[in-house]
Amino acid sequence: MNRVLPASSLLYAVALPPLVILGLFFVVPLCYLLFVSFMTNSGTSLFDLEPTLINYAEIFTDSFYLLIIRRTLLSTAIVLALCLLIGYPVAFYAARLSARGRMIMLMVMMVPLMVSNVVRAYGWVAILGRRGLVSSTLTGVGLIERPVQYLYSFEAVTLGLLTILLPFMIVSLTNSLTTIDTRYTEAAYSLGASPWRAFLRVTLPLSSPGIASGLMLVTFLTLSAYVTIALLGGPRYKLLVSLVFDSVTTFRWPRAAALSFALLIIALIIAVIIQLVVRPNRVQGKG
Amino acid sequence: MKTDSTTSVGASDVRFVSVEKSFETATALHSLDLEIERGTLFALLGPSGCGKTTTLRLIAGFEQPTRGQVYIRGKDVTGIPAYKRSFGMVFQNFALFPHLSVTENVAFGLQMRGIGKDVIRQKVAAVLDLVALGKFADRYPRQLSGGQQQRVALARAVVFEPDVLLLDEPLSALDKMLREQMQVEIRQLQHRLGMTTVFVTHDQEEALTMSDRVAVMNHGRIQQAGTPKDIYDRPRTEFVATFLGASNILEGHVRGREGDRAVVDVAGNLIQVSGTPVSKGKLRFALRPEKIVLDPQSGIRAVVKDVIYRGAQTFLYLDMGGIALNAVLQNTAATPADIETGTSVGLSWETASAVALEDPT
Ligand SMILES: Nc1ncnc2c1ncn2[C@@H]1O[C@H](COP(=O)(O)OP(=O)(O)OP(=O)(O)O)[C@@H](O)[C@H]1O
Ligand SMILES: [Mg+2]
């Protein structure tokens with residue numbers, strides 16, 4: 001007689017390989033990183049096996065680190081706000097197109113994403129640099145007297161991040177908006193709601209899953225967008241992720257590990273805030 | 001302001017004047033005239049795709065007519081968007097806002113009208129009591145059964161006392177038991193509130209039992225409108241006769257007239273048909289199976305092909321000189337218990353039961 005495998009063990013067998021991979025390449029290194037972050041920086045090896053809290057203590061007391069953390073939070077908040085404010089109307093428009101029109105529009109928006117971030121960042125360098133397009137045009141027409149460096153500023157980094165991340169936001173919002181049954185809007189109209197009020201009371205809350213997932217995506221990508229931040233922020237406008245890199249290049253691995261964890265915690269806190277404010281679960285009628 | 005004769009017709013709540021609705025691909029409604037009196041429960045009945053939903057959406061203002069005018073309470077509302085019209089609507093899938101509780105759903109229409117919080121609270125509580133959902137006020141739509149959701153949708157649509165209540169197949173999502181219960185409830189609610197109500201259904205039984213008036217639609221046209229009894233007893237077209245209940249459709253040559261009735265020869269049987277001015281040529285008419293009774297004295301004879309006993313009724317499949325005829329007999333004490341297949345029986349009916357049809361043969 002053949003022994004029939006029970007369904008649960010089959011499920012287990014299917015789920016096992018991915019779980020192993022996840023454990024091996026994600027959980028284990030993460031634990032190791034956490035371990036390293038509590039070790040002493042060493043000039044010669046990866047770290048000295050001497051437990052310490054100094055890496056974290058410095059991050060949360062040193063005024064330079066605090067400045068960078070504040071700056072990171074501010075930049076993230078501004079990028080999130082701009083992505084939402086610009087992305088929502090675009091997504092709203094896209095959601096009303098025919099399925100084909102929508103697909104074409106989203107594809108066109110995705111095309112720039114196929115170009116490497118490095119190339120695109122250098123594109124901005126060519127536009128915003130001291131001898132770049134903007135500066136030389138403005139000097140040419142006499143609006144400014146001598147070339148101005150528009151790079152290495154909050155604005156340059158924000159602009160760079162925005163152009164990379166906006167499509168993610170728009171795709172996420174569009175997906176969410178297209179799944180909202182038009183009957184809900186019609187029901188709102190039937191109850192006397194003007195289009196604007198129908199939007200505020202019905203469409204907007206029903207799109208909250210798209211808002212939440214879009215904001216989370218943009219948050220994570222902003223916090224980890226090293227190339228864009230490094231090239232457009234330069235030495236003058238660094239964010240937390242730049243400091244991770246700096247610590248690595250100066251061989252302070254435990255410091256880099258601690259900074260990574262600070263970044264991770266910030267990301268998680270922002271994610272929780274997004275969930276609490278946007279409340280995507282309410283679409284399922286859970287308050 | 002347009003001056004129009006319709007403004008004087010105070011009693012009609014919904015009026016269509018030659019309304020035509022075309023979509024890119026097809027014409028859904030052809031020159032529709034419709035008049036719904038205040039306070040009536042009006043059913044739009046017809047097969048799938050005949051334009052019932054389109055008609056309802058035109059009243060609502062979700063669609064605008066390609067041609068013609070729509071009036072609500074004597075006011076020309078053609079071109080006026082939905083949210084500026086006063087109507088309540090129950091959608092086919094209820095369309096309750098999933099992110100709002102029962103109370104918030106029901107309060108929505110009142111809030112949009114800028115009514116004070118205290119009044120809203122009272123009205124919502126009152127209407128939830130009316131539909132027996134007081135206990136579910138804080139639940140979310142997901143946490144309700146189909147019948148409960150349906151009642152919330154109804155409460156939400158009537159709480160702000162709209163001029164017109166629109167129901168698009170409100171009961172089709174419910175099982176038979178619940179559907180019959182809700183039919184009664186909607187009817188009672190409509191009577192209590194006296195609200196002009198238009199409801200769409202493709203269920204003829206539902207249309208007959210619930211409504212004061214029925215319009216039978218087919219292919220984007222109203223075939224016939226009137227009271228359920230009127231339409232059932234005096235169908236004007238073959239479509240109406242067969243869509244609303246069952247009918248024998250018979251045809252024969254007119255042999256002459258007897259008073260206001262034509263005498264038609266159907267396979268050698270002379271049958272009087274009411275409601276037609278025709279005095280010669282061919283004539284088609286409808287005869288309901290349950291109007292036929294057995295009558296040994298009658299000169300109209302048919303051969304019994306099959307007998308199906310169905311408890312309260314007996315179905316007879318007859319052959320009247322080569323023409324198939326169905327009859328349904330009530331199994332009262334007076335009906336003969338056994339009817340043998342193959343025997344010849346005499347048939348009779350009230351003369352008014354044979355109704356001339358208008359559509360071309
Ligand atoms: N938005 C639209 N675009 C194109 N054609 C449409 C549209 N809405 C309806 N139609 C067409 O108009 C006709 C009438 O549609 P309608 O929805 O009014 O039918 P219905 O009587 O409600 O049918 P059902 O009982 O199936 O709901 C159909 O042939 C349908 O295909
Ligand atoms: Mg329909």
# chains A, B, ... in the order shown; residues from 1 in each chain; ligands from 1
>>> residues_near_ligand(ligand="ligand 1", cutoff="7 Å", atoms="only C-alpha atoms and all ligand atoms", output="PDB file with all heavy atoms, in the first residue's frame")
ATOM      1  N   PHE B  23     -25.415  53.654 -25.838  1.00  0.00           N
ATOM      2  CA  PHE B  23     -24.000  53.521 -25.496  1.00  0.00           C
ATOM      3  C   PHE B  23     -23.243  53.380 -26.810  1.00  0.00           C
ATOM      4  O   PHE B  23     -23.865  53.216 -27.861  1.00  0.00           O
ATOM      5  CB  PHE B  23     -23.774  52.307 -24.597  1.00  0.00           C
ATOM      6  CG  PHE B  23     -24.453  52.440 -23.264  1.00  0.00           C
ATOM      7  CD1 PHE B  23     -25.617  51.737 -22.993  1.00  0.00           C
ATOM      8  CD2 PHE B  23     -23.942  53.279 -22.294  1.00  0.00           C
ATOM      9  CE1 PHE B  23     -26.251  51.850 -21.763  1.00  0.00           C
ATOM     10  CE2 PHE B  23     -24.572  53.408 -21.064  1.00  0.00           C
ATOM     11  CZ  PHE B  23     -25.721  52.693 -20.802  1.00  0.00           C
ATOM     12  N   GLU B  24     -21.923  53.442 -26.742  1.00  0.00           N
ATOM     13  CA  GLU B  24     -21.148  53.379 -27.985  1.00  0.00           C
ATOM     14  C   GLU B  24     -21.536  52.151 -28.802  1.00  0.00           C
ATOM     15  O   GLU B  24     -21.623  52.184 -30.018  1.00  0.00           O
ATOM     16  CB  GLU B  24     -19.636  53.314 -27.715  1.00  0.00           C
ATOM     17  CG  GLU B  24     -19.087  54.362 -26.780  1.00  0.00           C
ATOM     18  CD  GLU B  24     -19.187  53.926 -25.337  1.00  0.00           C
ATOM     19  OE1 GLU B  24     -18.452  52.996 -24.964  1.00  0.00           O
ATOM     20  OE2 GLU B  24     -20.020  54.479 -24.594  1.00  0.00           O
ATOM     21  N   THR B  25     -21.784  51.051 -28.067  1.00  0.00           N
ATOM     22  CA  THR B  25     -21.980  49.790 -28.772  1.00  0.00           C
ATOM     23  C   THR B  25     -23.435  49.507 -29.122  1.00  0.00           C
ATOM     24  O   THR B  25     -23.714  48.829 -30.091  1.00  0.00           O
ATOM     25  CB  THR B  25     -21.457  48.636 -27.915  1.00  0.00           C
ATOM     26  OG1 THR B  25     -21.890  48.854 -26.558  1.00  0.00           O
ATOM     27  CG2 THR B  25     -19.942  48.579 -27.943  1.00  0.00           C
ATOM     28  N   ALA B  26     -24.349  50.023 -28.327  1.00  0.00           N
ATOM     29  CA  ALA B  26     -25.745  49.631 -28.541  1.00  0.00           C
ATOM     30  C   ALA B  26     -26.696  50.675 -27.976  1.00  0.00           C
ATOM     31  O   ALA B  26     -26.316  51.514 -27.159  1.00  0.00           O
ATOM     32  CB  ALA B  26     -26.008  48.291 -27.873  1.00  0.00           C
ATOM     33  N   THR B  27     -27.931  50.624 -28.435  1.00  0.00           N
ATOM     34  CA  THR B  27     -28.973  51.471 -27.868  1.00  0.00           C
ATOM     35  C   THR B  27     -29.681  50.674 -26.787  1.00  0.00           C
ATOM     36  O   THR B  27     -30.250  49.627 -27.049  1.00  0.00           O
ATOM     37  CB  THR B  27     -29.964  51.897 -28.958  1.00  0.00           C
ATOM     38  OG1 THR B  27     -29.223  52.599 -29.958  1.00  0.00           O
ATOM     39  CG2 THR B  27     -31.012  52.828 -28.394  1.00  0.00           C
ATOM     40  N   ALA B  28     -29.604  51.158 -25.556  1.00  0.00           N
ATOM     41  CA  ALA B  28     -30.182  50.413 -24.434  1.00  0.00           C
ATOM     42  C   ALA B  28     -31.662  50.723 -24.271  1.00  0.00           C
ATOM     43  O   ALA B  28     -32.445  49.862 -23.887  1.00  0.00           O
ATOM     44  CB  ALA B  28     -29.427  50.733 -23.154  1.00  0.00           C
ATOM     45  N   GLY B  46     -38.321  42.561 -16.560  1.00  0.00           N
ATOM     46  CA  GLY B  46     -37.905  42.184 -17.903  1.00  0.00           C
ATOM     47  C   GLY B  46     -36.697  41.278 -17.858  1.00  0.00           C
ATOM     48  O   GLY B  46     -36.044  41.165 -16.830  1.00  0.00           O
ATOM     49  N   PRO B  47     -36.400  40.655 -18.975  1.00  0.00           N
ATOM     50  CA  PRO B  47     -35.266  39.727 -19.006  1.00  0.00           C
ATOM     51  C   PRO B  47     -33.927  40.473 -18.951  1.00  0.00           C
ATOM     52  O   PRO B  47     -33.888  41.698 -19.090  1.00  0.00           O
ATOM     53  CB  PRO B  47     -35.428  39.018 -20.350  1.00  0.00           C
ATOM     54  CG  PRO B  47     -36.179  39.983 -21.204  1.00  0.00           C
ATOM     55  CD  PRO B  47     -37.069  40.742 -20.282  1.00  0.00           C
ATOM     56  N   SER B  48     -32.876  39.735 -18.779  1.00  0.00           N
ATOM     57  CA  SER B  48     -31.546  40.319 -18.670  1.00  0.00           C
ATOM     58  C   SER B  48     -31.199  41.131 -19.915  1.00  0.00           C
ATOM     59  O   SER B  48     -31.459  40.700 -21.031  1.00  0.00           O
ATOM     60  CB  SER B  48     -30.528  39.188 -18.479  1.00  0.00           C
ATOM     61  OG  SER B  48     -29.276  39.743 -18.237  1.00  0.00           O
ATOM     62  N   GLY B  49     -30.662  42.311 -19.697  1.00  0.00           N
ATOM     63  CA  GLY B  49     -30.202  43.136 -20.811  1.00  0.00           C
ATOM     64  C   GLY B  49     -31.289  43.962 -21.466  1.00  0.00           C
ATOM     65  O   GLY B  49     -31.050  44.609 -22.478  1.00  0.00           O
ATOM     66  N   CYS B  50     -32.489  44.000 -20.886  1.00  0.00           N
ATOM     67  CA  CYS B  50     -33.585  44.718 -21.541  1.00  0.00           C
ATOM     68  C   CYS B  50     -33.562  46.207 -21.228  1.00  0.00           C
ATOM     69  O   CYS B  50     -34.310  46.975 -21.808  1.00  0.00           O
ATOM     70  CB  CYS B  50     -34.930  44.121 -21.138  1.00  0.00           C
ATOM     71  SG  CYS B  50     -35.374  44.475 -19.436  1.00  0.00           S
ATOM     72  N   GLY B  51     -32.719  46.623 -20.282  1.00  0.00           N
ATOM     73  CA  GLY B  51     -32.594  48.052 -20.014  1.00  0.00           C
ATOM     74  C   GLY B  51     -33.171  48.499 -18.681  1.00  0.00           C
ATOM     75  O   GLY B  51     -33.356  49.697 -18.461  1.00  0.00           O
ATOM     76  N   LYS B  52     -33.410  47.581 -17.778  1.00  0.00           N
ATOM     77  CA  LYS B  52     -33.988  47.941 -16.473  1.00  0.00           C
ATOM     78  C   LYS B  52     -33.015  48.797 -15.657  1.00  0.00           C
ATOM     79  O   LYS B  52     -33.377  49.867 -15.155  1.00  0.00           O
ATOM     80  CB  LYS B  52     -34.320  46.674 -15.662  1.00  0.00           C
ATOM     81  CG  LYS B  52     -35.182  45.682 -16.391  1.00  0.00           C
ATOM     82  CD  LYS B  52     -35.481  44.476 -15.523  1.00  0.00           C
ATOM     83  CE  LYS B  52     -34.253  43.640 -15.190  1.00  0.00           C
ATOM     84  NZ  LYS B  52     -33.699  42.878 -16.301  1.00  0.00           N
ATOM     85  N   THR B  53     -31.781  48.305 -15.533  1.00  0.00           N
ATOM     86  CA  THR B  53     -30.790  49.043 -14.753  1.00  0.00           C
ATOM     87  C   THR B  53     -30.526  50.407 -15.378  1.00  0.00           C
ATOM     88  O   THR B  53     -30.426  51.414 -14.682  1.00  0.00           O
ATOM     89  CB  THR B  53     -29.487  48.234 -14.655  1.00  0.00           C
ATOM     90  OG1 THR B  53     -29.768  47.010 -13.975  1.00  0.00           O
ATOM     91  CG2 THR B  53     -28.427  48.989 -13.894  1.00  0.00           C
ATOM     92  N   THR B  54     -30.454  50.434 -16.712  1.00  0.00           N
ATOM     93  CA  THR B  54     -30.234  51.703 -17.405  1.00  0.00           C
ATOM     94  C   THR B  54     -31.343  52.696 -17.056  1.00  0.00           C
ATOM     95  O   THR B  54     -31.079  53.866 -16.784  1.00  0.00           O
ATOM     96  CB  THR B  54     -30.175  51.459 -18.922  1.00  0.00           C
ATOM     97  OG1 THR B  54     -29.173  50.484 -19.185  1.00  0.00           O
ATOM     98  CG2 THR B  54     -29.850  52.734 -19.666  1.00  0.00           C
ATOM     99  N   THR B  55     -32.590  52.229 -17.056  1.00  0.00           N
ATOM    100  CA  THR B  55     -33.718  53.097 -16.705  1.00  0.00           C
ATOM    101  C   THR B  55     -33.547  53.662 -15.295  1.00  0.00           C
ATOM    102  O   THR B  55     -33.701  54.862 -15.056  1.00  0.00           O
ATOM    103  CB  THR B  55     -35.041  52.304 -16.780  1.00  0.00           C
ATOM    104  OG1 THR B  55     -35.135  51.690 -18.061  1.00  0.00           O
ATOM    105  CG2 THR B  55     -36.232  53.199 -16.566  1.00  0.00           C
ATOM    106  N   HIS B 202     -36.055  40.764 -12.332  1.00  0.00           N
ATOM    107  CA  HIS B 202     -36.362  39.928 -13.493  1.00  0.00           C
ATOM    108  C   HIS B 202     -37.204  38.740 -13.049  1.00  0.00           C
ATOM    109  O   HIS B 202     -37.450  37.818 -13.802  1.00  0.00           O
ATOM    110  CB  HIS B 202     -35.091  39.494 -14.228  1.00  0.00           C
ATOM    111  CG  HIS B 202     -34.136  38.728 -13.384  1.00  0.00           C
ATOM    112  ND1 HIS B 202     -32.916  39.217 -13.008  1.00  0.00           N
ATOM    113  CD2 HIS B 202     -34.240  37.518 -12.825  1.00  0.00           C
ATOM    114  CE1 HIS B 202     -32.321  38.336 -12.254  1.00  0.00           C
ATOM    115  NE2 HIS B 202     -33.085  37.299 -12.123  1.00  0.00           N
ATOM    116  N   GLY B 220     -35.210  47.146 -24.599  1.00  0.00           N
ATOM    117  CA  GLY B 220     -35.137  48.594 -24.459  1.00  0.00           C
ATOM    118  C   GLY B 220     -36.459  49.313 -24.674  1.00  0.00           C
ATOM    119  O   GLY B 220     -36.479  50.517 -24.910  1.00  0.00           O
TER     120      GLY B 220
END
>>> residues_around(residues="region 35-37 of chain A", least_positions_apart="4", cutoff="8 Å", atoms="only C-alpha atoms", output="VMD selection string")
chain A and resid 31 47 55 253 to 258
>>> write_last_selection(atoms="C-alpha atoms", output="PDB file, in the first residue's frame")
ATOM      1  CA  CYS A  31      21.668  38.271  14.102  1.00  0.00           C
ATOM      2  CA  PHE A  47      35.950  43.792  15.518  1.00  0.00           C
ATOM      3  CA  ASN A  55      28.358  52.346  19.280  1.00  0.00           C
ATOM      4  CA  TRP A 253      32.406  47.642  11.308  1.00  0.00           C
ATOM      5  CA  PRO A 254      30.668  47.579  14.702  1.00  0.00           C
ATOM      6  CA  ARG A 255      29.780  51.271  14.286  1.00  0.00           C
ATOM      7  CA  ALA A 256      28.413  50.530  10.802  1.00  0.00           C
ATOM      8  CA  ALA A 257      26.376  47.652  12.247  1.00  0.00           C
ATOM      9  CA  ALA A 258      24.945  49.838  14.996  1.00  0.00           C
TER      10      ALA A 258
END
>>> select_by_dssp(residues="region 165-245 of chain B", states="strand (DSSP E or B)", output="list of chain:residue names")
B:Leu165, B:Leu166, B:Leu167, B:Asp168, B:Thr196, B:Thr197, B:Val198, B:Phe199, B:Val200, B:Thr201, B:Arg213, B:Val214, B:Ala215, B:Val216, B:Met217, B:Asn218, B:Arg221, B:Ile222, B:Gln223, B:Gln224, B:Ala225, B:Gly226
>>> atom_distance(atom1="CA of Leu347 (chain B)", atom2="CA of Thr227 (chain B)")
28.8 Å
>>> interface_residues(of="chain B", to="chain A", cutoff="8 Å", atoms="only C-alpha atoms", output="list in words")
Ala60, Phe62, Ala82, Tyr83, Lys84, Arg85, Ser86, Phe87, Gly88, Met89, Phe91, Ala95, Leu96, Phe97, Pro98, His99, Leu100, Ser101, Phe108, Gly109, Leu110, Met112, Arg113, Tyr140, Pro141, Arg142 and Ala157 of chain B
>>> residues_around(residues="Phe239 (chain B)", least_positions_apart="6", cutoff="10 Å", atoms="only C-alpha atoms", output="PyMOL selection string")
chain B and resi 46+216-218+223-224+247+357+359
>>> write_last_selection(atoms="all heavy atoms", output="mmCIF file, in the first residue's frame")
data_model
loop_
_atom_site.group_PDB
_atom_site.id
_atom_site.type_symbol
_atom_site.label_atom_id
_atom_site.label_comp_id
_atom_site.auth_asym_id
_atom_site.auth_seq_id
_atom_site.Cartn_x
_atom_site.Cartn_y
_atom_site.Cartn_z
ATOM 1 N N GLY B 46 -38.321 42.561 -16.560
ATOM 2 C CA GLY B 46 -37.905 42.184 -17.903
ATOM 3 C C GLY B 46 -36.697 41.278 -17.858
ATOM 4 O O GLY B 46 -36.044 41.165 -16.830
ATOM 5 N N VAL B 216 -43.492 46.060 -17.996
ATOM 6 C CA VAL B 216 -42.747 44.932 -18.550
ATOM 7 C C VAL B 216 -41.901 45.455 -19.704
ATOM 8 O O VAL B 216 -42.408 46.095 -20.620
ATOM 9 C CB VAL B 216 -43.693 43.819 -19.048
ATOM 10 C CG1 VAL B 216 -42.888 42.634 -19.560
ATOM 11 C CG2 VAL B 216 -44.631 43.385 -17.938
ATOM 12 N N MET B 217 -40.598 45.222 -19.612
ATOM 13 C CA MET B 217 -39.684 45.730 -20.630
ATOM 14 C C MET B 217 -39.090 44.595 -21.445
ATOM 15 O O MET B 217 -38.906 43.492 -20.939
ATOM 16 C CB MET B 217 -38.527 46.502 -19.974
ATOM 17 C CG MET B 217 -38.958 47.763 -19.260
ATOM 18 S SD MET B 217 -37.526 48.651 -18.609
ATOM 19 C CE MET B 217 -36.766 49.196 -20.124
ATOM 20 N N ASN B 218 -38.781 44.924 -22.700
ATOM 21 C CA ASN B 218 -38.037 43.984 -23.530
ATOM 22 C C ASN B 218 -37.312 44.773 -24.613
ATOM 23 O O ASN B 218 -37.880 45.686 -25.195
ATOM 24 C CB ASN B 218 -38.980 42.955 -24.162
ATOM 25 C CG ASN B 218 -38.207 41.761 -24.705
ATOM 26 O OD1 ASN B 218 -37.098 41.478 -24.246
ATOM 27 N ND2 ASN B 218 -38.791 41.072 -25.655
ATOM 28 N N GLN B 223 -43.063 47.225 -22.922
ATOM 29 C CA GLN B 223 -44.064 46.492 -23.683
ATOM 30 C C GLN B 223 -45.463 46.805 -23.172
ATOM 31 O O GLN B 223 -46.403 46.938 -23.942
ATOM 32 C CB GLN B 223 -43.799 44.993 -23.551
ATOM 33 C CG GLN B 223 -42.469 44.566 -24.109
ATOM 34 C CD GLN B 223 -42.604 44.045 -25.522
ATOM 35 O OE1 GLN B 223 -43.567 43.383 -25.857
ATOM 36 N NE2 GLN B 223 -41.631 44.358 -26.359
ATOM 37 N N GLN B 224 -45.574 46.895 -21.861
ATOM 38 C CA GLN B 224 -46.883 47.155 -21.270
ATOM 39 C C GLN B 224 -46.676 47.612 -19.835
ATOM 40 O O GLN B 224 -45.798 47.117 -19.133
ATOM 41 C CB GLN B 224 -47.728 45.873 -21.291
ATOM 42 C CG GLN B 224 -49.184 46.113 -20.980
ATOM 43 C CD GLN B 224 -50.024 44.865 -21.193
ATOM 44 O OE1 GLN B 224 -49.549 43.865 -21.741
ATOM 45 N NE2 GLN B 224 -51.265 44.918 -20.769
ATOM 46 N N SER B 247 -48.635 31.121 -20.717
ATOM 47 C CA SER B 247 -49.806 31.363 -21.555
ATOM 48 C C SER B 247 -49.809 30.410 -22.735
ATOM 49 O O SER B 247 -48.748 30.047 -23.238
ATOM 50 C CB SER B 247 -49.786 32.794 -22.111
ATOM 51 O OG SER B 247 -50.696 33.601 -21.429
ATOM 52 N N LEU B 357 -53.825 39.492 -28.940
ATOM 53 C CA LEU B 357 -52.485 40.072 -28.851
ATOM 54 C C LEU B 357 -52.283 41.055 -29.986
ATOM 55 O O LEU B 357 -52.820 40.866 -31.079
ATOM 56 C CB LEU B 357 -51.432 38.960 -28.916
ATOM 57 C CG LEU B 357 -51.502 37.936 -27.783
ATOM 58 C CD1 LEU B 357 -50.473 36.849 -27.998
ATOM 59 C CD2 LEU B 357 -51.298 38.624 -26.431
ATOM 60 N N ASP B 359 -49.213 42.152 -31.190
ATOM 61 C CA ASP B 359 -48.033 42.085 -32.065
ATOM 62 C C ASP B 359 -48.337 41.354 -33.357
ATOM 63 O O ASP B 359 -49.197 40.482 -33.425
ATOM 64 C CB ASP B 359 -46.791 41.510 -31.371
ATOM 65 C CG ASP B 359 -47.101 40.427 -30.371
ATOM 66 O OD1 ASP B 359 -48.294 40.032 -30.287
ATOM 67 O OD2 ASP B 359 -46.188 39.968 -29.706
#
>>> residues_around(residues="Arg179 (chain B)", least_positions_apart="6", cutoff="12 Å", atoms="only C-alpha atoms", output="ChimeraX atom specification")
/B:146-148,150-151,169-173,185-186,203,205-206,210
>>> write_last_selection(atoms="all heavy atoms", output="compact mmCIF listing (two decimals), in the first residue's frame")
# COMPACT_ATOMS: atom_id res chain seq x y z
N GLY B 146 -26.22 38.50 4.76
CA GLY B 146 -26.76 39.13 3.55
C GLY B 146 -28.06 39.88 3.82
O GLY B 146 -28.23 41.01 3.38
N GLY B 147 -28.95 39.26 4.57
CA GLY B 147 -30.23 39.89 4.86
C GLY B 147 -30.08 41.13 5.71
O GLY B 147 -30.76 42.14 5.50
N GLN B 148 -29.15 41.07 6.65
CA GLN B 148 -28.90 42.23 7.51
C GLN B 148 -28.29 43.38 6.71
O GLN B 148 -28.69 44.53 6.85
CB GLN B 148 -27.98 41.84 8.67
CG GLN B 148 -28.67 40.93 9.68
CD GLN B 148 -27.68 40.20 10.56
OE1 GLN B 148 -26.48 40.17 10.30
NE2 GLN B 148 -28.19 39.58 11.62
N GLN B 150 -28.73 43.90 3.61
CA GLN B 150 -29.80 44.40 2.77
C GLN B 150 -30.65 45.41 3.54
O GLN B 150 -31.02 46.46 3.02
CB GLN B 150 -30.63 43.20 2.32
CG GLN B 150 -31.33 43.37 1.00
CD GLN B 150 -32.62 44.06 1.18
OE1 GLN B 150 -33.13 44.15 2.30
NE2 GLN B 150 -33.15 44.58 0.10
N ARG B 151 -30.91 45.10 4.79
CA ARG B 151 -31.72 46.01 5.61
C ARG B 151 -30.98 47.31 5.93
O ARG B 151 -31.58 48.38 5.98
CB ARG B 151 -32.16 45.32 6.89
CG ARG B 151 -33.28 44.32 6.64
CD ARG B 151 -34.02 44.04 7.92
NE ARG B 151 -33.25 43.15 8.77
CZ ARG B 151 -33.54 41.87 8.96
NH1 ARG B 151 -34.57 41.35 8.35
NH2 ARG B 151 -32.81 41.13 9.75
N GLU B 169 -32.68 45.21 -8.25
CA GLU B 169 -32.67 43.80 -7.87
C GLU B 169 -32.19 43.63 -6.44
O GLU B 169 -31.20 42.95 -6.18
CB GLU B 169 -31.76 43.00 -8.83
CG GLU B 169 -32.11 43.29 -10.27
CD GLU B 169 -32.01 42.08 -11.17
OE1 GLU B 169 -31.98 40.95 -10.64
OE2 GLU B 169 -31.98 42.27 -12.38
N PRO B 170 -32.91 44.25 -5.50
CA PRO B 170 -32.39 44.30 -4.13
C PRO B 170 -32.38 42.92 -3.47
O PRO B 170 -31.68 42.72 -2.49
CB PRO B 170 -33.38 45.22 -3.41
CG PRO B 170 -34.64 45.10 -4.18
CD PRO B 170 -34.23 44.88 -5.60
N LEU B 171 -33.12 41.99 -4.02
CA LEU B 171 -33.28 40.71 -3.33
C LEU B 171 -32.58 39.56 -4.02
O LEU B 171 -32.58 38.43 -3.54
CB LEU B 171 -34.77 40.39 -3.18
CG LEU B 171 -35.58 41.49 -2.51
CD1 LEU B 171 -37.05 41.14 -2.49
CD2 LEU B 171 -35.08 41.75 -1.10
N SER B 172 -31.94 39.85 -5.15
CA SER B 172 -31.42 38.74 -5.95
C SER B 172 -30.25 38.03 -5.25
O SER B 172 -29.95 36.88 -5.56
CB SER B 172 -30.97 39.23 -7.32
OG SER B 172 -29.96 40.18 -7.18
N ALA B 173 -29.60 38.71 -4.30
CA ALA B 173 -28.46 38.07 -3.63
C ALA B 173 -28.89 37.18 -2.46
O ALA B 173 -28.07 36.54 -1.84
CB ALA B 173 -27.49 39.14 -3.15
N GLU B 185 -41.24 42.73 3.89
CA GLU B 185 -40.72 43.85 4.68
C GLU B 185 -40.60 45.13 3.86
O GLU B 185 -40.95 46.21 4.33
CB GLU B 185 -39.37 43.48 5.29
CG GLU B 185 -39.53 42.55 6.48
CD GLU B 185 -38.22 42.24 7.17
OE1 GLU B 185 -37.30 43.08 7.10
OE2 GLU B 185 -38.13 41.17 7.78
N ILE B 186 -40.08 44.99 2.64
CA ILE B 186 -39.94 46.18 1.79
C ILE B 186 -41.31 46.78 1.50
O ILE B 186 -41.52 47.99 1.58
CB ILE B 186 -39.22 45.83 0.47
CG1 ILE B 186 -37.75 45.53 0.76
CG2 ILE B 186 -39.34 46.96 -0.54
CD1 ILE B 186 -36.95 45.15 -0.46
N ASP B 203 -37.68 38.83 -11.79
CA ASP B 203 -38.49 37.77 -11.22
C ASP B 203 -39.96 38.19 -11.30
O ASP B 203 -40.40 39.10 -10.59
CB ASP B 203 -38.05 37.55 -9.77
CG ASP B 203 -38.83 36.44 -9.09
OD1 ASP B 203 -39.90 36.06 -9.61
OD2 ASP B 203 -38.38 35.97 -8.04
N GLU B 205 -42.68 36.79 -10.41
CA GLU B 205 -43.48 36.56 -9.21
C GLU B 205 -43.29 37.72 -8.22
O GLU B 205 -44.24 38.23 -7.63
CB GLU B 205 -43.03 35.27 -8.56
CG GLU B 205 -44.14 34.48 -7.92
CD GLU B 205 -43.63 33.10 -7.54
OE1 GLU B 205 -43.19 32.36 -8.45
OE2 GLU B 205 -43.64 32.79 -6.35
N GLU B 206 -42.02 38.14 -8.10
CA GLU B 206 -41.69 39.25 -7.22
C GLU B 206 -42.41 40.51 -7.67
O GLU B 206 -42.98 41.24 -6.85
CB GLU B 206 -40.17 39.46 -7.26
CG GLU B 206 -39.62 40.34 -6.17
CD GLU B 206 -38.11 40.21 -6.12
OE1 GLU B 206 -37.63 39.18 -5.62
OE2 GLU B 206 -37.43 41.13 -6.61
N MET B 210 -45.23 42.21 -5.21
CA MET B 210 -44.80 43.39 -4.47
C MET B 210 -45.38 44.70 -4.96
O MET B 210 -45.56 45.63 -4.18
CB MET B 210 -43.27 43.50 -4.50
CG MET B 210 -42.60 42.57 -3.52
SD MET B 210 -40.83 42.74 -3.60
CE MET B 210 -40.60 44.35 -2.86
>>> closest_residue(among="B:Gln297, B:Thr66, B:Gln92, B:Ser22", to="ligand 2", atoms="only C-alpha atoms and all ligand atoms")
B:Gln92
